[in-house]
Amino acid sequence: MNNYLKEIFNGLKSLVIGLKVTMTTMLTKSTTIEWPREAAPIPERFRGHIMLRKNEETGLSKCIACGSCVRACPSNCIQVKGAKPEGAKKKAPILFQLDFTKCSLCGLCVESCPVDAITFSRNYALAGPSSEPFATMNLLAGLASPFREESNEL
Amino acid sequence: MFDSQENSTYQLEPVEDNQFVLNLGPQHPGTHGVLRVILHMDGEYILTADPVLGYGHRMQEKIAENMPYTQILPYMARMDYLAALSFNQAWVCVVEKMCGYEVPRRAEYIRVLTTELNRISSHYLWFGAFLLDLGAFTPFLHAFADREMILDLLEEVTGSRLTYCYFRFGGVSSDVDDSFLQGVQDFVEHMRSHLKTYHELVTGNVIFQMRTKDVGVILPFDTWGYGLSGPVLRGSGEKYDVRISEPYSIYPELDFEIPVERDGDCLARYMVRMREVEESLNIIQQTLDKMPDGPVRSKVPKIIKPPAGEACMAVETPRGELMIHVVSDGTKVPYRVRYRVPSFGNLSVFSRLAKGQLLADALAVLGSLDLVIPEVDR
Ligand code: SF4
Ligand code: SF4
C-alpha cells in the first residue's frame, strides 16, 4: 500500500516537473518566424540554383563554354553550346540550360569552372504549377549576348 | 511484387478468429520512411512481423560503378540524409586511403567538428520522432528548436541544411571562419545547460518510463548475430564504437567516453543516445580548443584514378557502423562499391523483438531502433 502511494506521488511529481518546463518555455521568445511577412536570413554560402556571373563592365557572362561544368555534374543537368562571336578570341555560350529538376545542388560545377563563371543564386522561393520551366532554365536570360541577332536563333 | 505465398511466413487467410493481417506502411508515420511491415496479428498482439524492403531502392551501388569518384560524393548524402557528413567522411576517407592523399590537420579537425554537430542533430531528430511515436508532442518541438541552431550553423559553412556535400578528397571544400567557431561555442554552452530540460521533460516522466522500460529487450546474445551496431548495440552492454575500436581521423587524440547501458530495452537505447549527445558536445569543445591553423585542402589531381586494388573504411554514423568497400581497377570509375549500412542490421532484429508485443509497443521498438529507410534500401 505504502509503495503504491509512493508510486503515485512520484508519478505526479514527474508530471509537475514536466509541466513546469512547458510553462517556462511558454514565457520565452518564440523561435519561429512568420514567412512571408518575415524571412529568415540567408547565409553567405547558401546554395540556390546555379546561375552565371555577370561581368559588370560588359554585361556579358564570363563563361568560355569549355564544358568543364557539364563533365563535372553528377546528374547530367547542364547543357552548354558555345561558339566564337565574330572578332572575339574566346568562345561564348549560345545555350546554357539547366535542368533544375535533376540538380542536387552539390556545387561540383561551381568548383570545376576554370574562370569562376558560375555561382549559386540566392533564390529559394522556387515553386510553380508545372516542372517545365524548371527543367529548361535558361541561365543566359538577363545577360547581354555577344552574338548578333541571327546567330542567337541557332 | 512481393510474393506473399512463397516468401513469407504468414498466410493471407486468417487462421483463427481474432487473427488478421495488418499492413503497416509503406506510408505510415510510425515507420519513418517507406518501410512496409506485414503484421500477423492476434487481436492487439503481434504474432509475426515481416519487414518488406526495397521501396526506396535507388541502386546506389550500381550508380557508383558508373561514376567518377568525385561525382559519387553527392550521392552519399542521399543514403542517410540525417547523417550526411558521416557518409561524406566514409567516402572521402576510403578514396584517400586508396590513393594515399594527405589531409591537412585543420581539415581533419573541421571534419570531426562538423560530423559531431551532425550527430547531435541526428539524435535530436530521433528524439523528437521517437517521442512522437510514443504520443508526446512537446519534446519534439524542443528538440527541433535546438536542432535548428545546428542546421543554421552547418548551413553557414556547407551551404545546405540537410544533404551536405562538404568534404572533398584531401580536405573540405571551404574553410570555416571565426563567426562559425564562436557560434559553435555558444551552441555548446547553450546545450550543456539546456540538456537538463530534456531530462526533466522526458527522462523522468512516469509515462515515458512505463512505455519504454523492459520493452523490446535485445539480449547481448543476439547483438552480434543480427549485425547490430551503434546505440542499438551499445544499449545492450556491448562497448563497440568504431571511433574507439578502429580509430580514424583525429579521434585517437581526443578524450571521450563511449556510453554503454546494460538493459537492452528502449529506455537503454534512449539513454545511450542522450549520453552520446553529451559526449559529442565534449568532442566539439575539444576540437574548438585545439583547432590548428593552416590550409584546409591539399592538392589532389582533378581526375582521380586510384591504383588497382581495394580499400575498406569504417566510420561511426549516428546509427552505427558504416563500412565502404571499394575495388578499383585503375580506371576513373570504381569497379565495385559495397556499402555496409547500420540501419539494415538494426532493422533485422525487429521481427524478433515485435513477436508477442502489443502493436503500440512494437511502434515504440521500431522508433527506438532509429532507422533511416533510404539507407536500408539504398
Ligand atoms: S550543383 Fe551539382 S547537380 Fe547541380 S548543376 Fe551543378 S554539378 Fe550539377
Ligand atoms: S565550366 Fe565555366 S567556363 Fe566552362 S562551360 Fe561551365 S560555366 Fe562556362
# chains A, B, ... in the order shown; residues from 1 in each chain; ligands from 1
>>> select_by_dssp(residues="chain A", states="strand (DSSP E)", output="PyMOL selection string")
chain A and resi 50-52+78-83+92-98+118-120+137-138
>>> interface_residues(of="chain B", to="chain A", cutoff="6 Å", atoms="only C-alpha atoms", output="list in words")
Gln71, Pro74, Glu156, Gly159, Cys165, Glu200, Leu201, Gly204, Asn205 and Val206 of chain B
>>> residues_near_ligand(ligand="ligand 2", cutoff="7 Å", atoms="only C-alpha atoms and all ligand atoms", output="list in words")
Leu52, Lys62, Cys63, Ile64, Ala65, Cys66, Gly67, Ser68, Cys69, Val70, Val80, Cys109, Ser112, Cys113, Pro114, Val115, Asp116, Ala117 and Ile118 of chain A
>>> residues_around(residues="Leu126 of chain A", least_positions_apart="3", cutoff="10 Å", atoms="only C-alpha atoms", output="PyMOL selection string")
chain A and resi 48-49+123+134
>>> select_by_dssp(residues="chain A", states="helix (DSSP H, G or I)", output="NGL selection string")
:A and (2-27 or 68-72 or 108-112 or 132-135 or 149-152)
>>> closest_residue(among="A:Lys81, A:Thr101, A:Ala39, A:Pro93", to="Gly128 of chain A", atoms="only C-alpha atoms")
A:Thr101
